[in-house]
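Asks: I have a structure here, written as structure tokens, and I will follow up with some questions on it.
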Amino acid sequence: MERSISGGGSGRRGRETAHELARYEALFAARTRGMKSSAMREMMALTERPDVISLAGGLPDTSTFAPELYAKLMSQVAAESTARALQYGPTEGMAVAADCIVEVMAAEGTSIDPANVIVTTGGQQVIDLVCKALIDPGDVIVAEAPTYPGAVPTFGAYQADVVQIEMDSDGMPIDELEIVLDRLQGEGRRPKFIYTIPNFQNPGGVTMSLGRRRRLVEVARERELLVLEDNPYGLLRYEGEALPTLYSLDASLGAGNGSPPAGDGASSDLVIYLGTFSKILSPGLRLGWAVAPHAVLEKLNLGKQGADLCSSPMTQLFVSAYFAERAAAGGPAWVEYVERLRDLYRRRRDVMLESLAEHFSGRASWTRPEGGLFIWATLDGVDTTDLMGRSKGVAFVPGRSAYMDGDRGSSSMRLNFAGVPEGDIREGIRRISAIVGPDTGLLTGTMTGSGPAAQPAAAGPDAEKDAELAEVLELPRREVSDPAHPSTRRSQDR
Ligand SMILES: Cc1ncc(COP(=O)(O)O)c(C=O)c1O
């Protein structure tokens with residue numbers, strides 16, 4: 001029997017796969033119907049080819065980690081902690097790993113109690129465990145639009161009904177959220193949680209403003225709703241002031257209500273915080289964490305027991321050894337490494353912004369992230385899934401994979417500027433521009449057969465004006481305020 005049952009493909013292989021799927025059809029759980037194939041698969045096949053420049057993955061640049069330090073830490077763990085490294089560990093994680101997590105959270109300006117931490121196998125597992133603990137088929141999750149493409153299949157697998165709220169340049173508009181919550185309440189439906197990536201959103205690249213953060217935790221408190229705050233990129237800020245986490249904002253509100261004071265391990269009642277070592281150290285470690293209210297933590301722990309018993313003690317000990325390292329200047333080595341990553345990624349972000357301006361002025365718009373790994377670009381009249389299908393030497397993530405319906409976002413794409421050198425960024429953007437060609441409308445619907453035929457790019461006096469506009473953020477600040485919530489606009493703008 002063929003090993004791959006992932007579907008797709010063409011010719012004999014495709015027919016065999018279809019036949020295999022039919023054989024197993026009656027055995028598959030209903031939830032597998034929610035596990036939609038996405039454009040990501042096409043993309044993964046492409047990125048494996050050496051001639052392809054990948055702007056697609058969510059990859060940090062692990063080549064920047066010193067090989068000698070890696071070898072030293074691995075030998076240290078092997079020599080000094082052989083039995084512990086090779087043994088099962090506690091499901092909630094090892095105390096030495098929780099200590100490192102407390103340190104990272106402090107660098108995020110968030111004081112936590114290590115008793116509220118569960119160490120997970122990557123941040124991705126937090127999303128899975130939260131859904132496992134909270135979502136029955138048909139339950140509502142409210143998320144941003146676009147949302148993290150890696151969360152889309154998880155939400156689908158748990159058969160969640162995901163309501164996505166379109167973002168602007170300040171992230172999720174909370175007045176819009178309140179309208180959605182009112183509507184759901186009218187239908188007798190209470191969302192199980194609100195999912196947000198407040199910093200340098202993946203894939204949108206935008207950051208939720210302080211006013212909206214405050215308002216979001218107020219709304220969560222008023223309506224007793226859980227929030228899943230997904231924050232892999234908070235420490236990768238290249239400009240501007242760091243903003244407080246939703247977790248810390250909620251904890252300080254709780255402190256006013258008789259809980260322990262904020263800044264001293266105060267706990268949030270309603271925010272489940274997701275963190276990860278993937279972007280500040282290495283995704284190969286597969287280590288992330290959740291900080292959550294006790295009752296939720298217990299369910300996450302039970303879910304994790306069923307998933308993998310525990311995260312790797314080997315990599316937890318590696319992280320612990322790494323966090324004990326000092327840099328030449330005397331400070332913690334991990335902090336110095338993150339500073340170096342910031343300098344590197346800031347330059348790469350600027351190179352990508354320059355390349356976009358060079359090749360797409362007047363016919364596309366894109367976000368200008370203050371941090372993180374991604375730019376979200378929208379090309380008028382182009383179907384980016386089709387574009388990906390035609391793409392020979394460059395890969396990106398088509399916008400559709402950031403929407404549950406697989407329909408919206410068709411003319412957008414996510415571009416990673418952090419994982420490849422500057423020369424590749426320039427060449428990658430040039431290649432995308434070459435595939436699009438001068439008439440941006442021509443590719444619409446060629447692979448998916450959908451979408452209206454678009455107009456060619458603007459020419460004449462307006463084109464110059466458009467060229468200037470293209471360098472401005474693609475997601476405009478919303479001016480509309482909801483008459484039913486006159487105070488909302490003001491409080492969001494604080
Ligand atoms: C928003 C977001 N959440 C979660 C993850 C999962 O990361 P990991 O499982 O590597 O910790 C990622 C990875 O790209 C991400 O971008």
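For the structure tokens, the naming scheme is as follows: chains receive sequential letters (A, B, ...) according to their order of presentation, residues are indexed from 1 within each chain, and ligands are indexed from 1 in presentation order.
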Would you mind listing, for every residue of region 58-82 of chain A within 10 Å of region 354-373 of chain A, the two atoms forming the shortest contact and the distance between them in Å to one decimal, using only C-alpha atoms, sorted by chain and ascending residue number, as a tab-separated table?
Replies:
residue	atom	partner	partner_atom	distance
A:Gly58	CA	A:Leu373	CA	7.2
A:Leu59	CA	A:Leu373	CA	8.1
A:Pro60	CA	A:Leu373	CA	7.7
Asks: At a cut-off of 7 Å and counting only C-alpha atoms and all ligand atoms, what residues surround ligand 1? Please answer as a ChimeraX atom specification.
Replies: /A:58,121-125,148,150,197,201-202,230-232,276-278,283,286-288
Asks: Kindly save the residues from that selection, with C-alpha atoms included, as a PDB file, in the first residue's frame.
Replies:
ATOM      1  CA  GLY A  58       7.433  30.839   9.762  1.00  0.00           C
ATOM      2  CA  THR A 121       5.585  20.619  22.841  1.00  0.00           C
ATOM      3  CA  GLY A 122       5.727  23.948  21.016  1.00  0.00           C
ATOM      4  CA  GLY A 123       3.189  26.729  21.192  1.00  0.00           C
ATOM      5  CA  GLN A 124       1.211  24.821  18.573  1.00  0.00           C
ATOM      6  CA  GLN A 125       0.333  22.241  21.214  1.00  0.00           C
ATOM      7  CA  TYR A 148      -2.497  32.249  12.092  1.00  0.00           C
ATOM      8  CA  GLY A 150      -1.350  26.980  11.656  1.00  0.00           C
ATOM      9  CA  ILE A 197      -2.013  37.412  18.322  1.00  0.00           C
ATOM     10  CA  GLN A 201       0.370  39.379  14.071  1.00  0.00           C
ATOM     11  CA  ASN A 202       0.956  36.254  12.013  1.00  0.00           C
ATOM     12  CA  ASP A 230      -0.772  33.901  21.332  1.00  0.00           C
ATOM     13  CA  ASN A 231       2.524  35.772  21.673  1.00  0.00           C
ATOM     14  CA  PRO A 232       5.518  34.108  19.985  1.00  0.00           C
ATOM     15  CA  THR A 276       7.327  29.616  22.838  1.00  0.00           C
ATOM     16  CA  PHE A 277      11.097  29.259  22.611  1.00  0.00           C
ATOM     17  CA  SER A 278      10.745  28.729  18.839  1.00  0.00           C
ATOM     18  CA  PRO A 283      11.751  25.700  16.807  1.00  0.00           C
ATOM     19  CA  ARG A 286       9.690  21.987  20.232  1.00  0.00           C
ATOM     20  CA  LEU A 287       9.178  23.793  23.521  1.00  0.00           C
ATOM     21  CA  GLY A 288       6.414  26.225  24.302  1.00  0.00           C
TER      22      GLY A 288
END
Asks: What is the CA of Tyr233 (chain A)-CA of Pro198 (chain A) distance in Å, reported with one decimal?
Replies: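 Calculated distance between CA of Tyr233 (chain A) and CA of Pro198 (chain A) is 9.3 Å.
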Asks: Under the rule of at most 12 Å, produce a per-residue listing of region 287-400 of chain A near region 249-255 of chain A: chain, number, name, the closest pair of atoms, and the distance in Å, as a Markdown table, using only C-alpha atoms.
Replies:
| residue | atom | partner | partner_atom | distance |
| --- | --- | --- | --- | --- |
| A:Val291 | CA | A:Ala251 | CA | 11.8 |
| A:Ala292 | CA | A:Ala251 | CA | 11.2 |
| A:Pro293 | CA | A:Ala251 | CA | 10.7 |
Asks: Those residues with all heavy atoms, as an mmCIF file, in the first residue's frame please?
Replies:
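Result went into out_26.cif, see below:
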data_model
loop_
_atom_site.group_PDB
_atom_site.id
_atom_site.type_symbol
_atom_site.label_atom_id
_atom_site.label_comp_id
_atom_site.auth_asym_id
_atom_site.auth_seq_id
_atom_site.Cartn_x
_atom_site.Cartn_y
_atom_site.Cartn_z
ATOM 1 N N VAL A 291 0.425 29.827 30.205
ATOM 2 C CA VAL A 291 0.189 30.301 31.574
ATOM 3 C C VAL A 291 -1.329 30.460 31.639
ATOM 4 O O VAL A 291 -1.910 31.155 30.796
ATOM 5 C CB VAL A 291 0.870 31.660 31.842
ATOM 6 C CG1 VAL A 291 0.786 31.998 33.323
ATOM 7 C CG2 VAL A 291 2.320 31.646 31.378
ATOM 8 N N ALA A 292 -1.964 29.805 32.587
ATOM 9 C CA ALA A 292 -3.429 29.763 32.549
ATOM 10 C C ALA A 292 -4.011 29.700 33.960
ATOM 11 O O ALA A 292 -3.320 29.300 34.908
ATOM 12 C CB ALA A 292 -3.880 28.544 31.743
ATOM 13 N N PRO A 293 -5.290 30.082 34.099
ATOM 14 C CA PRO A 293 -5.971 29.906 35.390
ATOM 15 C C PRO A 293 -5.956 28.425 35.790
ATOM 16 O O PRO A 293 -5.975 27.549 34.910
ATOM 17 C CB PRO A 293 -7.407 30.367 35.104
ATOM 18 C CG PRO A 293 -7.330 31.191 33.856
ATOM 19 C CD PRO A 293 -6.162 30.676 33.076
#
Asks: Give the answer as one residue: which of A:Pro191, A:Gly303, A:Pro67, A:Gly57 has the shortest atom-to-atom distance to Thr120 (chain A), using only C-alpha atoms?
Replies: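 Smallest separation from Thr120 (chain A) among the options: A:Gly303.
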Asks: Between A:Leu302, A:Ala79, A:Ile101, A:Ala30, which residue has the minimum interatomic distance to Val117 (chain A), considering only C-alpha atoms?
Replies: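 Comparing A:Leu302, A:Ala79, A:Ile101, A:Ala30 against Val117 (chain A), the winner is A:Ile101.
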Asks: Between A:Ile432, A:Leu297, A:Ile135, A:Leu344, which one has atoms that come closest to Ile53 (chain A), using only C-alpha atoms?
Replies: A:Ile432
